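Trainee: Please find one structure pasted underneath; my questions will follow.
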Amino acid sequence: MNKPLRRIAIFCGLLILALLVRANWLQYVEADDLATDDRNRRVLINQYSAPRGDIIVAGKPITGSVKAKGSDLEYKRTYEDGPMYAPVTGYASQAVGMTLLESTYDSVLSGQDDRLAFERVTDVVTGKERRGGDVITTIDPSAQKAGYKGLTDLKARGSVVALDPRTGKVLALVSTPSADPADFAGNSLKEGELFQKLNDDKSKPLANRAMRETFPPGSTFKILTAAAALEHGVVTDVDARTDAQSPYQLPQSTNKIGSQAGDGVCNKASMKTAMQYSCNNVFLDAALKVGQDKMRETAEKFGFNEDVYSDDFGDLRAVKSLYPENLDKPGTALTGMGQGSLTSTPMQMAMITAAMVNDGKVMQPYVVDEVRSPNSDPLEKNEPKEMSQAVSSETAAKVREMMEHTAREGSAQRALIDGVTVGGKTGTAQRGVNVQDEVPYGWFVSYGMKDDGQAVAVAVFIDPTDMDISREDISGGSLAGPIARSVMQAVLQD
């Protein structure tokens with residue numbers, strides 16, 4: 001063979017070898033990634049080739065599947081009370097993908113989970129259509145409905161979270177405005193355009209405000225400030241007068257901060273009185289005396305600065321609530337009243353409230369109680385999990401004493417329920433740099449306890465941007481308090 005032919009033969013041989021290596025690489029190394037790649041049409045076809053399993057609330061499915069017309073994606077998702085449950089279910093859309101429970105438990109719901117291998121084999125043998133498993137939630141439908149109705153009646157952007165303090169079960173998870181996932185469950189051009197319109201909407205109907213957005217918590221954070229002051233010995237007697245003057249002179253600043261209740265009530269008030277009337281001076285002073293390190297340490301024990309839900313919540317994880325580091329003295333003082341650079345999710349504020357009921361123990365929130373096979377066999381079961389002992393039981397009891405006094409005699413009276421022990425705290429949080437130009441947020445946190453030990457903790461957040469209401473009429477007690485009351489009633493009096 002002459003030299004040019006030999007070179008061509010070697011080159012061709014190398015090309016064939018490269019093709020063989022690439023083919024084997026694709027077949028054996030990248031096969032799994034390619035098989036599950038979202039851009040692989042076969043993945044979608046397989047996901048929607050059979051009816052999906054259901055997401056269950058109180059024994060009833062809130063999802064379903066119907067035959068899709070004119071598509072190689074055979075079935076599409078349906079939803080019962082879709083807008084109300086969207087922050088729980090998420091969406092399974094042939095056009096835009098999946099979120100929340102639909103995404104986290106897709107392998108079970110679509111029947112492709114390895115734990116369902118036996119069912120798949122028996123279905124093939126018997127000629128049955130592939131079946132998906134079910135996801136059983138912890139949601140209380142009455143509480144969910146009460147929270148959703150309360151916010152939609154106000155036409156408010158907002159959220160409601162209700163927790164079982166002893167277990168961490170999520171009883172309500174509401175975010176408004178919302179959208180019906182069924183409206184864009186298919187893959188038509190019209191549904192894709194609708195989703196884009198919802199995604200571009202300034203009111204953010206696709207957002208999950210309960211867990212995916214943070215806001216200044218305002219005066220609801222005062223329950224944590226009180227817990228930190230008690231835990232670290234800054235306050236030993238909640239009935240004793242303090243030396244916190246009103247208006248309060250911020251350290252290293254010319255600013256003085258007053259309270260809506262007035263200087264006559266708040267000047268050198270006790271912590272219990274300060275909680276009752278939401279006196280800023282007492283909590284500013286308490287945070288300053290506790291100090292930034294111990295304030296942040298206490299906040300972190302309640303869950304701040306940690307992605308605490310990632311293990312159990314999967315795609316339902318919450319964004320971090322933030323208690324910043326390296327605050328100066330004015331910044332530390334401002335966190336005492338829930339302002340400054342402090343931010344929180346409504347879920348986080350519900351966790352703090354629940355911990356006060358649970359003797360200072362913070363429980364891991366969870367929204368999925370059980371996952372079952374198509375034959376109702378259990379695949380996994382969530383159990384209560386303690387995250388931390390944030391404060392002592394004695395501290396938690398003193399905070400409850402103040403919150404219950406605030407509900408009986410103070411700004412949280414709108415949450416009172418006959419025959420139920422109720423504690424509460426209102427909050428009005430300023431936002432933005434020019435606070436006079438921005439409407440404030442309204443907050444309310446509360447708990448209800450019955451003599452038999454049944455309890456519920458609630459956080460309500462309201463953004464009144466879209467509401468026809470004057471700035472002077474915005475308060476957590478008047479707007480959010482009645483919603484919290486109705487949610488607690490739904491849980492405790494059904």
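Naming works like this for the structure tokens: A, B, ... for the chains as they're shown, residue 1 at the start of each chain, ligands 1 onward in shown order.
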Can you tell me which residues surround Thr428 (chain A) at a distance of at most 10 Å, considering only C-alpha atoms, apart from same-chain residues fewer than 5 positions away, and format the answer as a PyMOL selection string?
Mentor: chain A and resi 216-220+337-339+439-444+461-462+474-477
Trainee: Could you pull out the residues in region 226-454 of chain A that DSSP calls helix (DSSP H, G or I) from the backbone, as an MDAnalysis selection string?
Mentor: chainID A and resid 226:231 263:266 271:277 280:290 292:301 310:316 329:335 346:357 393:409 413:415 435:437
Trainee: So that I can see what lies close to Gln489 (chain A), please list as an MDAnalysis selection string the residues with an atom at most 10 Å from it, counting only C-alpha atoms and leaving out residues fewer than 4 positions away in the same chain.
Mentor: chainID A and resid 142:143 146 415:418 420 448 456 483:485 493:494
Trainee: Can you spit out the residues from that selection as a compact mmCIF listing (two decimals), in the first residue's frame, using N, CA and C atoms?
Mentor:
```txt
# COMPACT_ATOMS: atom_id res chain seq x y z
N SER A 142 -60.82 22.58 55.46
CA SER A 142 -61.58 23.69 56.04
C SER A 142 -60.67 24.88 56.33
N ALA A 143 -59.47 24.60 56.83
CA ALA A 143 -58.51 25.67 57.11
C ALA A 143 -58.03 26.31 55.82
N ALA A 146 -60.80 28.52 54.51
CA ALA A 146 -60.97 29.73 55.33
C ALA A 146 -59.90 30.76 55.00
N ALA A 415 -58.89 38.05 67.16
CA ALA A 415 -58.65 36.62 66.97
C ALA A 415 -59.31 35.76 68.05
N LEU A 416 -59.93 36.37 69.04
CA LEU A 416 -60.50 35.61 70.16
C LEU A 416 -61.61 34.67 69.70
N ILE A 417 -61.63 33.47 70.30
CA ILE A 417 -62.62 32.44 70.00
C ILE A 417 -63.17 31.91 71.32
N ASP A 418 -64.46 31.85 71.45
CA ASP A 418 -65.07 31.34 72.68
C ASP A 418 -64.63 29.90 72.94
N VAL A 420 -61.70 28.74 73.52
CA VAL A 420 -60.36 28.42 73.04
C VAL A 420 -59.37 29.43 73.61
N GLY A 448 -54.22 28.97 68.67
CA GLY A 448 -55.39 28.59 69.45
C GLY A 448 -55.16 27.23 70.07
N VAL A 456 -53.33 24.94 67.05
CA VAL A 456 -52.96 25.36 65.70
C VAL A 456 -52.25 26.71 65.81
N ILE A 483 -58.95 36.85 59.56
CA ILE A 483 -58.60 35.67 58.75
C ILE A 483 -57.96 34.61 59.63
N ALA A 484 -57.04 35.03 60.50
CA ALA A 484 -56.41 34.07 61.42
C ALA A 484 -57.46 33.40 62.30
N ARG A 485 -58.41 34.18 62.76
CA ARG A 485 -59.48 33.63 63.61
C ARG A 485 -60.27 32.57 62.86
N GLN A 493 -62.77 23.89 65.66
CA GLN A 493 -64.20 23.78 65.94
C GLN A 493 -64.97 23.00 64.89
N ASP A 494 -64.28 22.39 63.94
CA ASP A 494 -64.97 21.54 62.96
C ASP A 494 -65.44 20.25 63.60
```
Trainee: So which residues touch Phe283 (chain A) within 12 Å, counting only C-alpha atoms, skipping near sequence neighbours fewer than 5 positions away, as an mmCIF file with N, CA, C and O atoms, in the first residue's frame?
Mentor:
```cif
data_model
loop_
_atom_site.group_PDB
_atom_site.id
_atom_site.type_symbol
_atom_site.label_atom_id
_atom_site.label_comp_id
_atom_site.auth_asym_id
_atom_site.auth_seq_id
_atom_site.Cartn_x
_atom_site.Cartn_y
_atom_site.Cartn_z
ATOM 1 N N GLY A 218 -42.196 43.028 60.590
ATOM 2 C CA GLY A 218 -42.804 44.028 61.447
ATOM 3 C C GLY A 218 -42.943 43.549 62.884
ATOM 4 O O GLY A 218 -42.140 42.749 63.381
ATOM 5 N N SER A 219 -43.989 44.022 63.540
ATOM 6 C CA SER A 219 -44.117 43.781 64.981
ATOM 7 C C SER A 219 -44.411 42.335 65.352
ATOM 8 O O SER A 219 -44.343 41.987 66.535
ATOM 9 N N THR A 220 -44.757 41.477 64.386
ATOM 10 C CA THR A 220 -44.922 40.059 64.738
ATOM 11 C C THR A 220 -43.599 39.464 65.211
ATOM 12 O O THR A 220 -43.588 38.502 65.981
ATOM 13 N N PHE A 221 -42.472 40.052 64.773
ATOM 14 C CA PHE A 221 -41.158 39.563 65.194
ATOM 15 C C PHE A 221 -40.901 39.854 66.667
ATOM 16 O O PHE A 221 -39.971 39.291 67.264
ATOM 17 N N LYS A 222 -41.706 40.715 67.270
ATOM 18 C CA LYS A 222 -41.504 41.054 68.676
ATOM 19 C C LYS A 222 -41.645 39.849 69.596
ATOM 20 O O LYS A 222 -41.113 39.846 70.706
ATOM 21 N N ILE A 223 -42.361 38.809 69.138
ATOM 22 C CA ILE A 223 -42.450 37.616 69.989
ATOM 23 C C ILE A 223 -41.092 36.917 70.067
ATOM 24 O O ILE A 223 -40.738 36.345 71.099
ATOM 25 N N LEU A 224 -40.305 36.970 68.968
ATOM 26 C CA LEU A 224 -38.959 36.393 69.014
ATOM 27 C C LEU A 224 -38.028 37.296 69.813
ATOM 28 O O LEU A 224 -37.183 36.809 70.584
ATOM 29 N N THR A 225 -38.163 38.608 69.668
ATOM 30 C CA THR A 225 -37.352 39.525 70.466
ATOM 31 C C THR A 225 -37.601 39.301 71.950
ATOM 32 O O THR A 225 -36.660 39.267 72.757
ATOM 33 N N ALA A 226 -38.865 39.137 72.320
ATOM 34 C CA ALA A 226 -39.199 38.869 73.719
ATOM 35 C C ALA A 226 -38.573 37.562 74.191
ATOM 36 O O ALA A 226 -38.020 37.485 75.294
ATOM 37 N N ALA A 227 -38.638 36.538 73.336
ATOM 38 C CA ALA A 227 -38.046 35.243 73.697
ATOM 39 C C ALA A 227 -36.537 35.371 73.883
ATOM 40 O O ALA A 227 -35.964 34.795 74.826
ATOM 41 N N ALA A 228 -35.865 36.122 73.010
ATOM 42 C CA ALA A 228 -34.417 36.310 73.123
ATOM 43 C C ALA A 228 -34.067 37.066 74.389
ATOM 44 O O ALA A 228 -33.096 36.724 75.097
ATOM 45 N N ALA A 229 -34.841 38.106 74.723
ATOM 46 C CA ALA A 229 -34.574 38.888 75.927
ATOM 47 C C ALA A 229 -34.761 38.052 77.189
ATOM 48 O O ALA A 229 -33.971 38.150 78.146
ATOM 49 N N LEU A 230 -35.780 37.223 77.207
ATOM 50 C CA LEU A 230 -36.013 36.338 78.360
ATOM 51 C C LEU A 230 -34.952 35.249 78.450
ATOM 52 O O LEU A 230 -34.429 34.948 79.522
ATOM 53 N N VAL A 234 -31.944 39.398 79.747
ATOM 54 C CA VAL A 234 -32.112 40.845 79.645
ATOM 55 C C VAL A 234 -33.411 41.277 80.324
ATOM 56 O O VAL A 234 -33.490 42.340 80.938
ATOM 57 N N VAL A 235 -34.433 40.441 80.231
ATOM 58 C CA VAL A 235 -35.703 40.638 80.931
ATOM 59 C C VAL A 235 -35.963 39.417 81.791
ATOM 60 O O VAL A 235 -35.849 38.283 81.314
ATOM 61 N N THR A 242 -39.686 48.876 82.436
ATOM 62 C CA THR A 242 -38.352 48.934 81.851
ATOM 63 C C THR A 242 -37.847 50.381 81.893
ATOM 64 O O THR A 242 -38.561 51.287 82.332
ATOM 65 N N ASP A 243 -36.619 50.588 81.436
ATOM 66 C CA ASP A 243 -36.088 51.950 81.343
ATOM 67 C C ASP A 243 -36.078 52.457 79.897
ATOM 68 O O ASP A 243 -35.369 53.403 79.563
ATOM 69 N N ALA A 244 -36.872 51.810 79.032
ATOM 70 C CA ALA A 244 -36.913 52.187 77.612
ATOM 71 C C ALA A 244 -37.846 53.378 77.427
ATOM 72 O O ALA A 244 -39.061 53.267 77.589
ATOM 73 N N GLN A 245 -37.267 54.511 77.085
ATOM 74 C CA GLN A 245 -38.068 55.715 76.929
ATOM 75 C C GLN A 245 -38.748 55.760 75.560
ATOM 76 O O GLN A 245 -38.259 55.216 74.586
ATOM 77 N N SER A 246 -39.878 56.458 75.536
ATOM 78 C CA SER A 246 -40.614 56.657 74.281
ATOM 79 C C SER A 246 -40.868 58.145 74.092
ATOM 80 O O SER A 246 -41.341 58.818 75.026
ATOM 81 N N TYR A 248 -38.123 56.522 71.288
ATOM 82 C CA TYR A 248 -36.838 55.872 71.550
ATOM 83 C C TYR A 248 -35.750 56.471 70.665
ATOM 84 O O TYR A 248 -35.907 56.541 69.432
ATOM 85 N N LEU A 250 -32.630 56.139 68.733
ATOM 86 C CA LEU A 250 -31.760 55.113 68.153
ATOM 87 C C LEU A 250 -30.310 55.460 68.438
ATOM 88 O O LEU A 250 -29.902 56.625 68.306
ATOM 89 N N ILE A 257 -37.844 57.042 67.482
ATOM 90 C CA ILE A 257 -38.947 56.195 67.010
ATOM 91 C C ILE A 257 -40.034 56.159 68.071
ATOM 92 O O ILE A 257 -39.792 55.801 69.237
ATOM 93 N N GLY A 258 -41.229 56.513 67.658
ATOM 94 C CA GLY A 258 -42.371 56.485 68.553
ATOM 95 C C GLY A 258 -43.221 55.243 68.354
ATOM 96 O O GLY A 258 -42.845 54.310 67.628
ATOM 97 N N SER A 259 -44.376 55.227 68.981
ATOM 98 C CA SER A 259 -45.301 54.095 68.879
ATOM 99 C C SER A 259 -46.704 54.633 68.670
ATOM 100 O O SER A 259 -47.048 55.720 69.159
ATOM 101 N N CYS A 266 -46.472 53.939 76.399
ATOM 102 C CA CYS A 266 -45.281 53.140 76.102
ATOM 103 C C CYS A 266 -44.028 53.533 76.872
ATOM 104 O O CYS A 266 -43.101 52.730 77.005
ATOM 105 N N ASN A 267 -43.966 54.746 77.387
ATOM 106 C CA ASN A 267 -42.749 55.180 78.064
ATOM 107 C C ASN A 267 -42.449 54.300 79.279
ATOM 108 O O ASN A 267 -43.257 54.189 80.201
ATOM 109 N N LYS A 268 -41.300 53.642 79.239
ATOM 110 C CA LYS A 268 -40.833 52.750 80.313
ATOM 111 C C LYS A 268 -41.841 51.653 80.650
ATOM 112 O O LYS A 268 -41.916 51.186 81.787
ATOM 113 N N ALA A 269 -42.603 51.243 79.660
ATOM 114 C CA ALA A 269 -43.612 50.199 79.873
ATOM 115 C C ALA A 269 -42.959 48.845 80.127
ATOM 116 O O ALA A 269 -41.820 48.591 79.727
ATOM 117 N N SER A 270 -43.694 47.967 80.805
ATOM 118 C CA SER A 270 -43.223 46.584 80.970
ATOM 119 C C SER A 270 -43.280 45.874 79.628
ATOM 120 O O SER A 270 -43.954 46.333 78.694
ATOM 121 N N MET A 271 -42.626 44.731 79.526
ATOM 122 C CA MET A 271 -42.647 43.995 78.270
ATOM 123 C C MET A 271 -44.052 43.483 77.969
ATOM 124 O O MET A 271 -44.474 43.462 76.799
ATOM 125 N N LYS A 272 -44.801 43.097 78.996
ATOM 126 C CA LYS A 272 -46.168 42.620 78.757
ATOM 127 C C LYS A 272 -47.041 43.754 78.208
ATOM 128 O O LYS A 272 -47.802 43.565 77.252
ATOM 129 N N THR A 273 -46.917 44.946 78.798
ATOM 130 C CA THR A 273 -47.674 46.089 78.303
ATOM 131 C C THR A 273 -47.214 46.467 76.899
ATOM 132 O O THR A 273 -48.028 46.819 76.030
ATOM 133 N N ALA A 274 -45.910 46.380 76.674
ATOM 134 C CA ALA A 274 -45.370 46.699 75.350
ATOM 135 C C ALA A 274 -45.880 45.736 74.292
ATOM 136 O O ALA A 274 -46.144 46.140 73.153
ATOM 137 N N MET A 275 -46.032 44.469 74.649
ATOM 138 C CA MET A 275 -46.604 43.501 73.711
ATOM 139 C C MET A 275 -48.074 43.826 73.472
ATOM 140 O O MET A 275 -48.553 43.800 72.331
ATOM 141 N N TYR A 277 -49.674 46.691 73.598
ATOM 142 C CA TYR A 277 -49.890 47.897 72.799
ATOM 143 C C TYR A 277 -48.898 48.026 71.644
ATOM 144 O O TYR A 277 -48.918 49.017 70.922
ATOM 145 N N SER A 278 -48.052 47.032 71.478
ATOM 146 C CA SER A 278 -47.034 47.015 70.430
ATOM 147 C C SER A 278 -46.124 48.246 70.512
ATOM 148 O O SER A 278 -45.877 48.933 69.514
ATOM 149 N N LEU A 288 -31.288 45.703 71.398
ATOM 150 C CA LEU A 288 -29.984 46.341 71.547
ATOM 151 C C LEU A 288 -29.223 45.747 72.732
ATOM 152 O O LEU A 288 -28.015 45.486 72.649
ATOM 153 N N LYS A 289 -29.921 45.495 73.835
ATOM 154 C CA LYS A 289 -29.272 44.938 75.022
ATOM 155 C C LYS A 289 -28.921 43.464 74.854
ATOM 156 O O LYS A 289 -27.901 43.006 75.380
ATOM 157 N N VAL A 290 -29.744 42.714 74.141
ATOM 158 C CA VAL A 290 -29.403 41.316 73.846
ATOM 159 C C VAL A 290 -28.154 41.268 72.971
ATOM 160 O O VAL A 290 -27.268 40.423 73.152
ATOM 161 N N MET A 295 -29.038 37.860 69.384
ATOM 162 C CA MET A 295 -30.293 37.976 68.643
ATOM 163 C C MET A 295 -30.258 37.061 67.421
ATOM 164 O O MET A 295 -31.227 36.334 67.153
ATOM 165 N N THR A 332 -29.268 46.565 64.742
ATOM 166 C CA THR A 332 -29.673 45.537 65.709
ATOM 167 C C THR A 332 -30.950 45.945 66.421
ATOM 168 O O THR A 332 -31.877 45.138 66.585
ATOM 169 N N ALA A 333 -31.018 47.211 66.848
ATOM 170 C CA ALA A 333 -32.215 47.690 67.534
ATOM 171 C C ALA A 333 -33.445 47.575 66.643
ATOM 172 O O ALA A 333 -34.512 47.120 67.080
ATOM 173 N N LEU A 334 -33.308 47.936 65.370
ATOM 174 C CA LEU A 334 -34.447 47.891 64.452
ATOM 175 C C LEU A 334 -34.981 46.481 64.248
ATOM 176 O O LEU A 334 -36.186 46.284 64.040
ATOM 177 N N THR A 335 -34.109 45.480 64.307
ATOM 178 C CA THR A 335 -34.614 44.108 64.170
ATOM 179 C C THR A 335 -35.535 43.742 65.326
ATOM 180 O O THR A 335 -36.406 42.883 65.179
ATOM 181 N N GLY A 336 -35.355 44.397 66.478
ATOM 182 C CA GLY A 336 -36.216 44.105 67.623
ATOM 183 C C GLY A 336 -37.677 44.360 67.342
ATOM 184 O O GLY A 336 -38.554 43.729 67.943
ATOM 185 N N MET A 337 -37.972 45.291 66.416
ATOM 186 C CA MET A 337 -39.362 45.561 66.027
ATOM 187 C C MET A 337 -39.664 45.026 64.631
ATOM 188 O O MET A 337 -40.650 45.413 64.005
ATOM 189 N N GLY A 338 -38.788 44.121 64.143
ATOM 190 C CA GLY A 338 -39.054 43.446 62.872
ATOM 191 C C GLY A 338 -38.815 44.284 61.649
ATOM 192 O O GLY A 338 -39.399 44.036 60.594
ATOM 193 N N GLN A 339 -37.947 45.296 61.764
ATOM 194 C CA GLN A 339 -37.661 46.167 60.636
ATOM 195 C C GLN A 339 -36.167 46.117 60.308
ATOM 196 O O GLN A 339 -35.491 45.184 60.677
#
```
Trainee: Mind checking DSSP for region 286-427 of chain A and telling me the strand (DSSP E) residues as a PyMOL selection string?
Mentor: chain A and resi 361-363+368-372+378-381+386-389+421-427
Trainee: Applying 8 Å and only C-alpha atoms, which residues near Lys155 (chain A) remain after dropping the ones on its own chain fewer than 5 positions away? List them as a list in words.
Mentor: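 These residues fall inside the cut-off: Pro177, Asp466 and Met467 of chain A.
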Trainee: Set out as JSON lines a contact list for region 374-456 of chain A and region 296-301 of chain A with a cut-off of 9 Å, giving each residue of region 374-456 of chain A that qualifies its closest atom pair and distance in Å to one decimal, counting only C-alpha atoms, ordered by chain and rising residue number.
Mentor:
```
{"residue": "A:Met387", "atom": "CA", "partner": "A:Lys301", "partner_atom": "CA", "distance": 8.5}
{"residue": "A:Ser388", "atom": "CA", "partner": "A:Lys301", "partner_atom": "CA", "distance": 6.3}
{"residue": "A:Gln389", "atom": "CA", "partner": "A:Lys301", "partner_atom": "CA", "distance": 7.3}
{"residue": "A:Ala390", "atom": "CA", "partner": "A:Lys301", "partner_atom": "CA", "distance": 4.8}
{"residue": "A:Val391", "atom": "CA", "partner": "A:Thr298", "partner_atom": "CA", "distance": 7.8}
```
Trainee: Take the residues from that selection and put them in a file with all heavy atoms, as an mmCIF file, in the first residue's frame.
Mentor:
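Wrote it out as selection_31.cif, contents follow:
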```
data_model
loop_
_atom_site.group_PDB
_atom_site.id
_atom_site.type_symbol
_atom_site.label_atom_id
_atom_site.label_comp_id
_atom_site.auth_asym_id
_atom_site.auth_seq_id
_atom_site.Cartn_x
_atom_site.Cartn_y
_atom_site.Cartn_z
ATOM 1 N N MET A 387 -36.594 20.038 64.995
ATOM 2 C CA MET A 387 -35.452 20.738 64.418
ATOM 3 C C MET A 387 -34.520 21.272 65.498
ATOM 4 O O MET A 387 -33.295 21.166 65.381
ATOM 5 C CB MET A 387 -35.926 21.892 63.543
ATOM 6 C CG MET A 387 -36.538 21.474 62.228
ATOM 7 S SD MET A 387 -37.230 22.906 61.344
ATOM 8 C CE MET A 387 -35.843 24.035 61.366
ATOM 9 N N SER A 388 -35.101 21.880 66.530
ATOM 10 C CA SER A 388 -34.270 22.460 67.584
ATOM 11 C C SER A 388 -35.115 22.784 68.807
ATOM 12 O O SER A 388 -36.343 22.897 68.722
ATOM 13 C CB SER A 388 -33.582 23.737 67.090
ATOM 14 O OG SER A 388 -34.535 24.773 66.927
ATOM 15 N N GLN A 389 -34.433 22.919 69.938
ATOM 16 C CA GLN A 389 -35.046 23.498 71.126
ATOM 17 C C GLN A 389 -34.617 24.958 71.114
ATOM 18 O O GLN A 389 -33.552 25.331 71.585
ATOM 19 C CB GLN A 389 -34.552 22.803 72.395
ATOM 20 C CG GLN A 389 -35.146 23.341 73.692
ATOM 21 C CD GLN A 389 -36.588 22.923 73.923
ATOM 22 O OE1 GLN A 389 -36.931 21.733 73.806
ATOM 23 N NE2 GLN A 389 -37.448 23.869 74.252
ATOM 24 N N ALA A 390 -35.455 25.810 70.528
ATOM 25 C CA ALA A 390 -35.063 27.200 70.276
ATOM 26 C C ALA A 390 -34.910 27.988 71.569
ATOM 27 O O ALA A 390 -33.958 28.760 71.726
ATOM 28 C CB ALA A 390 -36.074 27.878 69.358
ATOM 29 N N VAL A 391 -35.854 27.823 72.476
ATOM 30 C CA VAL A 391 -35.803 28.469 73.792
ATOM 31 C C VAL A 391 -36.346 27.488 74.817
ATOM 32 O O VAL A 391 -36.954 26.470 74.466
ATOM 33 C CB VAL A 391 -36.626 29.785 73.817
ATOM 34 C CG1 VAL A 391 -35.978 30.847 72.928
ATOM 35 C CG2 VAL A 391 -38.075 29.546 73.402
#
```
Trainee: Hey, what's within 10 Å of Arg400 (chain A) if we count only C-alpha atoms and toss same-chain stuff fewer than 4 positions away? As a ChimeraX atom specification, please?
Mentor: /A:223,227,353,356-357,359,394-396,404-406,422-424,447
Trainee: Write out as a PyMOL selection string which residues come within 10 Å of Asp180 (chain A) when counting only C-alpha atoms, dropping same-chain ones fewer than 6 positions away.
Mentor: chain A and resi 78-86+90-91+205-206
Trainee: Between A:Leu171, A:Ala18, A:Val135, A:Ala455, which has the minimum distance to Pro374 (chain A) (counting only C-alpha atoms)?
Mentor: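 Result for the nearest residue to Pro374 (chain A): A:Val135.
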Trainee: Just how far from CA of Ser321 (chain A) is CA of Thr343 (chain A), in Å to one decimal?
Mentor: 5.7 Å
Trainee: Under the rule that only C-alpha atoms are counted, which of A:Lys145, A:Lys202, A:Arg372, A:His232 is the nearest residue to Glu119 (chain A)?
Mentor: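 Among the listed residues, A:Arg372 lies closest to Glu119 (chain A).
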Trainee: Kindly indicate which residue among A:Gln292, A:Asn208, A:Ser175, A:Asn255 lies nearest to Arg317 (chain A), using only C-alpha atoms for the distances.
Mentor: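 For Arg317 (chain A), the nearest of the given residues is A:Asn208.
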Trainee: Out of A:Thr63, A:Ser376, A:Ser159, A:Gln196, which residue has the shortest atom-to-atom distance to Ala480 (chain A) when counting only C-alpha atoms?
Mentor: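 Among the listed residues, A:Ser159 lies closest to Ala480 (chain A).
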Trainee: One number please: CA of Val161 (chain A) to CA of Ala459 (chain A), in Å, one decimal.
Mentor: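 These two atoms are separated by 5.3 Å.
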